[in-house]
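Source file: target-v8.cif (mmCIF, C-alpha atoms)
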data_model
#
loop_
_atom_site.label_atom_id
_atom_site.label_comp_id
_atom_site.auth_asym_id
_atom_site.auth_seq_id
_atom_site.Cartn_x
_atom_site.Cartn_y
_atom_site.Cartn_z
CA MET J 1 0.00 0.00 0.00
CA ARG J 2 1.30 3.44 -0.92
CA ASN J 3 1.90 5.85 1.96
CA LYS J 4 -0.21 8.89 1.16
CA GLY J 5 2.27 11.16 2.96
CA PHE J 6 5.21 10.09 0.80
CA ARG J 7 6.05 12.41 -2.10
CA PRO J 8 8.96 11.32 -4.32
CA GLY J 9 9.69 14.85 -5.47
CA GLY J 10 9.98 16.10 -1.90
CA ALA J 11 12.34 13.26 -1.00
CA ILE J 12 14.62 14.15 -3.89
CA ARG J 13 14.71 17.80 -2.86
CA LEU J 14 15.44 16.83 0.79
CA ALA J 15 18.30 14.55 -0.31
CA GLY J 16 19.75 17.42 -2.30
CA VAL J 17 19.64 19.71 0.73
CA VAL J 18 21.33 17.09 2.94
CA ALA J 19 24.08 16.49 0.36
CA ALA J 20 24.72 20.22 0.04
CA GLY J 21 24.93 20.51 3.82
CA VAL J 22 27.49 17.69 4.02
CA LEU J 23 29.64 19.33 1.36
CA ALA J 24 29.40 22.70 3.09
CA CYS J 25 30.38 21.18 6.44
CA ALA J 26 33.42 19.47 4.87
CA ALA J 27 34.45 22.74 3.28
CA CYS J 28 34.14 24.71 6.52
CA THR J 29 36.11 22.03 8.40
CA ALA J 30 38.92 22.25 5.86
CA SER J 31 38.78 26.03 6.08
CA ARG J 32 39.07 25.99 9.88
CA SER J 33 42.03 23.60 9.64
CA ALA J 34 43.82 25.81 7.11
CA SER J 35 43.06 28.89 9.18
CA HIS J 36 44.45 27.25 12.31
CA GLN J 37 47.71 26.40 10.54
CA SER J 38 48.05 29.85 9.05
CA GLU J 39 47.69 31.74 12.33
CA GLY J 40 51.18 32.71 13.36
CA GLY J 41 52.80 30.66 10.58
CA GLU J 42 53.24 26.91 10.62
CA SER J 43 51.80 25.09 13.59
CA PRO J 44 54.38 23.14 15.63
CA SER J 45 54.52 19.55 14.51
CA PRO J 46 54.66 16.90 17.22
CA ALA J 47 57.03 14.02 16.62
CA ALA J 48 55.28 11.09 15.06
CA ASP J 49 54.66 8.26 17.52
CA HIS J 50 55.58 10.42 20.51
CA ALA J 51 52.26 11.25 22.16
CA GLY J 52 52.23 14.92 21.27
CA LEU J 53 55.67 15.91 22.59
CA ALA J 54 57.53 18.22 20.24
CA ALA J 55 60.20 16.83 17.94
CA GLY J 56 63.63 18.04 18.94
CA ASN J 57 65.07 21.01 17.10
CA SER J 58 68.56 22.24 17.95
CA SER J 59 67.81 25.70 16.60
CA THR J 60 65.13 26.36 19.22
CA PRO J 61 66.26 29.44 21.18
CA VAL J 62 67.09 29.26 24.88
CA PRO J 63 64.50 31.16 26.96
CA GLY J 64 65.46 34.72 27.84
CA ALA J 65 67.23 35.62 31.08
CA GLY J 66 64.90 35.62 34.07
CA SER J 67 61.96 34.23 32.12
CA CYS J 68 61.72 30.83 33.86
CA ARG J 69 60.82 29.78 37.40
CA LEU J 70 62.17 26.69 39.11
CA GLY J 71 59.33 24.77 40.76
CA SER J 72 59.06 22.21 43.53
CA ARG J 73 56.94 19.10 43.92
CA ASP J 74 57.12 16.63 46.77
CA GLY J 75 60.21 18.48 47.98
CA GLN J 76 62.04 17.97 44.68
CA PRO J 77 62.96 20.53 42.00
CA VAL J 78 60.95 20.55 38.77
CA PRO J 79 61.40 22.72 35.69
CA ASP J 80 59.11 25.48 34.49
CA PRO J 81 56.71 23.75 32.04
CA ALA J 82 56.47 26.93 29.95
CA CYS J 83 60.24 26.93 29.41
CA THR J 84 61.02 23.22 29.59
CA PRO J 85 58.01 21.17 28.41
CA GLY J 86 60.19 18.37 27.07
CA ALA J 87 61.00 17.32 23.51
CA VAL J 88 61.90 14.00 21.92
CA ASN J 89 64.39 12.65 19.44
CA PRO J 90 62.43 12.16 16.18
CA GLN J 91 64.85 9.42 15.15
CA VAL J 92 63.67 7.17 18.00
CA ASN J 93 60.37 5.31 18.09
CA GLN J 94 58.84 2.16 19.52
CA ALA J 95 59.80 0.04 16.52
CA ASP J 96 63.54 0.66 16.88
CA ILE J 97 64.10 0.71 20.66
CA GLY J 98 66.18 -2.45 20.38
CA SER J 99 68.79 -0.63 18.31
CA THR J 100 68.52 2.73 20.08
CA VAL J 101 67.47 3.40 23.67
CA CYS J 102 67.65 -0.24 24.77
CA LYS J 103 71.09 -0.81 23.25
CA SER J 104 73.98 -0.51 25.70
CA GLY J 105 76.09 2.59 25.05
CA TRP J 106 73.67 4.11 22.56
CA THR J 107 73.24 7.38 24.50
CA LYS J 108 76.93 8.15 23.96
CA THR J 109 76.26 8.36 20.24
CA VAL J 110 73.67 11.14 20.64
CA ARG J 111 74.86 13.04 23.72
CA PRO J 112 75.92 16.54 22.61
CA PRO J 113 79.52 17.60 23.38
CA THR J 114 80.24 19.88 26.33
CA SER J 115 81.69 22.39 23.88
CA LYS J 116 78.10 22.99 22.82
CA THR J 117 76.19 22.46 26.06
CA SER J 118 78.44 24.59 28.29
CA SER J 119 77.23 27.83 26.74
CA MET J 120 73.66 26.51 26.61
CA LYS J 121 73.83 25.61 30.30
CA ALA J 122 75.00 29.10 31.22
CA ALA J 123 72.16 30.67 29.25
CA THR J 124 69.61 28.29 30.76
CA ALA J 125 70.89 29.05 34.27
CA LYS J 126 70.29 32.74 33.59
CA ALA J 127 66.80 31.96 32.33
CA TYR J 128 66.11 30.16 35.63
CA HIS J 129 67.62 32.85 37.89
CA LEU J 130 70.43 30.52 38.99
CA GLN J 131 73.74 31.85 40.17
CA PRO J 132 76.78 31.16 37.95
CA GLY J 133 78.59 28.04 39.09
CA ALA J 134 75.73 26.79 41.27
CA PRO J 135 75.89 22.99 41.62
CA GLY J 136 73.54 21.16 39.34
CA GLU J 137 73.16 18.89 36.34
CA TYR J 138 72.30 20.20 32.89
CA ASP J 139 69.53 17.69 32.62
CA HIS J 140 67.44 16.32 29.78
CA LEU J 141 63.85 16.40 31.07
CA VAL J 142 63.03 13.45 28.80
CA SER J 143 66.31 11.61 29.27
CA LEU J 144 68.39 10.42 26.34
CA GLU J 145 67.81 6.82 27.42
CA LEU J 146 64.07 7.46 26.96
CA GLY J 147 64.51 9.02 23.53
CA GLY J 148 64.70 12.64 24.66
CA ALA J 149 65.90 15.37 22.31
CA PRO J 150 69.68 15.77 22.80
CA ASP J 151 70.17 19.51 22.21
CA ASP J 152 66.77 21.19 22.16
CA PRO J 153 66.50 23.84 24.93
CA ARG J 154 62.88 22.79 25.48
CA ASN J 155 64.23 19.52 26.86
CA LEU J 156 67.06 20.95 28.97
CA TRP J 157 67.14 22.61 32.38
CA VAL J 158 69.67 23.02 35.19
CA GLU J 159 68.55 20.57 37.86
CA PRO J 160 70.02 21.83 41.13
CA GLY J 161 71.77 19.54 43.60
CA LYS J 162 74.21 16.68 43.60
CA ILE J 163 74.92 14.27 40.75
CA PRO J 164 73.57 11.58 40.54
CA ASN J 165 70.22 12.73 41.83
CA PRO J 166 66.78 11.16 42.54
CA LYS J 167 65.51 11.85 39.01
CA ASP J 168 68.26 9.66 37.56
CA ALA J 169 66.87 6.59 39.33
CA VAL J 170 63.39 7.35 37.97
CA GLU J 171 64.77 7.55 34.43
CA ASN J 172 66.60 4.24 34.79
CA LYS J 173 63.53 2.40 36.08
CA LEU J 174 61.32 3.83 33.35
CA LYS J 175 63.84 2.54 30.84
CA ASP J 176 63.67 -0.88 32.53
CA ALA J 177 59.91 -0.84 32.02
CA VAL J 178 60.16 0.24 28.38
CA CYS J 179 62.88 -2.20 27.38
CA SER J 180 61.12 -5.08 29.12
CA GLY J 181 57.86 -4.37 27.33
CA LEU J 182 55.88 -3.36 30.41
CA ILE J 183 54.96 0.03 28.96
CA PRO J 184 55.34 1.74 25.57
CA LEU J 185 58.09 4.28 25.03
CA THR J 186 55.56 7.07 24.56
CA THR J 187 54.01 6.35 27.96
CA ALA J 188 57.36 6.79 29.69
CA GLN J 189 58.19 9.94 27.72
CA THR J 190 54.85 11.58 28.45
CA ALA J 191 54.96 10.66 32.14
CA ILE J 192 58.42 12.06 32.81
CA ALA J 193 57.74 15.19 30.79
CA ARG J 194 54.62 15.84 32.88
CA SER J 195 56.52 15.50 36.17
CA TRP J 196 59.39 13.20 37.00
CA THR J 197 58.23 13.12 40.65
CA THR J 198 54.96 11.36 39.71
CA ALA J 199 56.17 9.53 36.60
CA PHE J 200 55.73 6.02 38.01
CA ASP J 201 52.09 6.61 38.90
CA ASP J 202 51.41 8.42 35.63
CA ALA J 203 52.92 5.52 33.69
CA GLY J 204 50.86 2.94 35.58
CA LEU J 205 53.82 1.49 37.48
CA ARG J 206 54.61 0.47 41.04
CA VAL J 207 58.23 0.38 42.23
CA ASN J 208 59.57 -1.51 45.22
CA GLY J 209 63.31 -1.27 45.57
CA GLY J 210 64.80 -2.50 42.31
CA THR J 211 61.59 -4.11 41.09
CA VAL J 212 59.24 -2.36 38.69
CA CYS J 213 55.73 -3.78 38.19
CA LEU J 214 52.57 -2.85 36.35
CA ARG J 215 50.01 -1.39 38.74
CA ALA J 216 47.16 -3.06 36.82
CA ASP J 217 48.97 -6.43 36.75
CA PRO J 218 51.30 -6.74 39.77
CA HIS J 219 52.64 -10.07 38.51
CA ARG J 220 54.23 -8.42 35.48
CA CYS J 221 57.52 -7.07 36.74
CA VAL J 222 61.08 -6.39 35.73
CA HIS J 223 64.12 -6.62 38.00
CA GLY J 224 67.52 -4.95 37.81
CA GLN J 225 68.65 -1.82 36.03
CA ARG J 226 69.43 -1.20 32.39
CA GLY J 227 70.19 2.50 32.73
CA ASP J 228 73.57 4.07 33.26
CA ASP J 229 74.73 5.81 36.44
CA THR J 230 73.47 9.26 35.45
CA GLY J 231 70.11 8.32 33.96
CA GLU J 232 71.15 9.90 30.67
#
Take the structure in the file and write it out as structure tokens.
Amino acid sequence: MRNKGFRPGGAIRLAGVVAAGVLACAACTASRSASHQSEGGESPSPAADHAGLAAGNSSTPVPGAGSCRLGSRDGQPVPDPACTPGAVNPQVNQADIGSTVCKSGWTKTVRPPTSKTSSMKAATAKAYHLQPGAPGEYDHLVSLELGGAPDDPRNLWVEPGKIPNPKDAVENKLKDAVCSGLIPLTTAQTAIARSWTTAFDDAGLRVNGGTVCLRADPHRCVHGQRGDDTGE
């Protein structure tokens, strides 16, 4: 039986309106995307496979003198996230950890020479209001052994105190977890960039002495230490 309320001509006109609306929506979405990229030039491109952290760029300028503030969390120093948000080595990803971050001695091949970092450290110390010669490590927020950018100022800060320091042990244990397959590389990178003092919790880990376990599966653990003495 034919539905008396159904009019073929009206259906055709309605379909045309819907199709036009879809095309218009697609066009405005593309326009918004292009507009977003054009505001202030090219938008910063995150490193592929690195959970949104910026890809390292050695030409990034060091923050200006006095522009950064050293923070504190759980009684430990933390960098200013506006000045030191972290950045990663775009040449390192999950697929190649066996030949990069999990390979013994690999960090030596990417660690920048002191001839370059000495002047960078001095400039970064000024940015953080630190006195010249104050004890501290010129530290990679995302450590080299976790695929951190070697010479991008966004990944470097002067961590005050003695060397080695508590952050080094965190870096080493995160590397244990990554190289044992407990967590992905990106999880460790994101967690330590957010705050090294809470990185274990943020990465879903529990640590007891030298043992690192998954919080969600306490029977999945790794023992020992793969990192070097400085966590770099």
Requested in this report: Name all residues at most 9 Å from region 141-145 of chain J (count all atoms listed in the file; drop same-chain ones fewer than 3 positions away) and give them as number ranges by chain.
Outcome: J: 79, 84-89, 100-102, 106-107, 110-111, 148-150, 154-157, 168, 171-172, 175, 188-190, 192-193, 195-196, 227-228, 231-232
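One finds CA of His140 (chain J) at 18.9 Å from CA of Ala177 (chain J).
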Fewer than 5 positions away in the same chain doesn't count, so skip those; otherwise give me all residues within 9 Å of Pro218 (chain J), counting all atoms listed in the file, as number ranges by chain. J: 205-206, 213
Could you list the residues chosen by the PyMOL selection byres ((chain J and resi 134) around 9) in this structure as a PyMOL selection string?
-> chain J and resi 125+130-133+135-136+160-161
From CA of Ser104 (chain J) to CA of Ala199 (chain J) the spacing works out at 23.2 Å
Padding 6 Å on each side, edges along x, y and z: where is the centre of the box around the listed atoms of region 154-173 of chain J, and how long are its edges in Å to one decimal? Output it as AutoDock Vina command-line options.
--center_x 68.9 --center_y 12.7 --center_z 34.5 --size_x 24.0 --size_y 32.6 --size_z 30.1
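A straight line drawn from CA of Thr60 (chain J) to CA of Asp152 (chain J) is 6.2 Å long.
Distances here use all atoms listed in the file; by that measure, the residue among J:Asp96, J:Glu159, J:Asp151, J:Glu137 closest to Met120 (chain J) is J:Asp151.
Here, the PyMOL selection byres ((chain J and resi 76) around 10) matches Gly71, Ser72, Arg73, Asp74, Gly75, Pro77, Val78, Glu159, Pro160, Gly161, Pro166, Lys167, Trp196 and Thr197 of chain J.
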Gly98 (chain J) proximity check over J:Gly209, J:Gly64, J:Gly52, J:Gly181, using only C-alpha atoms: winner is J:Gly181
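Minimum atom-to-atom distances from J:Ala122, J:Ala216, J:Leu182, J:Tyr138 to Lys162 (chain J) were compared using only C-alpha atoms, and the lowest value belongs to J:Tyr138.
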### Task
Run the PyMOL selection byres ((chain J and resi 203) around 8) mentally over the shown coordinates, then write out the matched residues as a PyMOL selection string, using the chain letters and numbers from the document.
chain J and resi 183+187-188+191+199-202+204-205
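With only C-alpha atoms as the atoms that count, the minimum distance from Cys68 (chain J) to the choices J:Asn208, J:Thr124, J:Ser180, J:Ser99 is reached by J:Thr124.
Ranking J:Asn165, J:Asn57, J:Ser115, J:Ser67 by their shortest atom-to-atom distance to Gln91 (chain J), with all atoms listed in the file included, puts J:Asn57 first.
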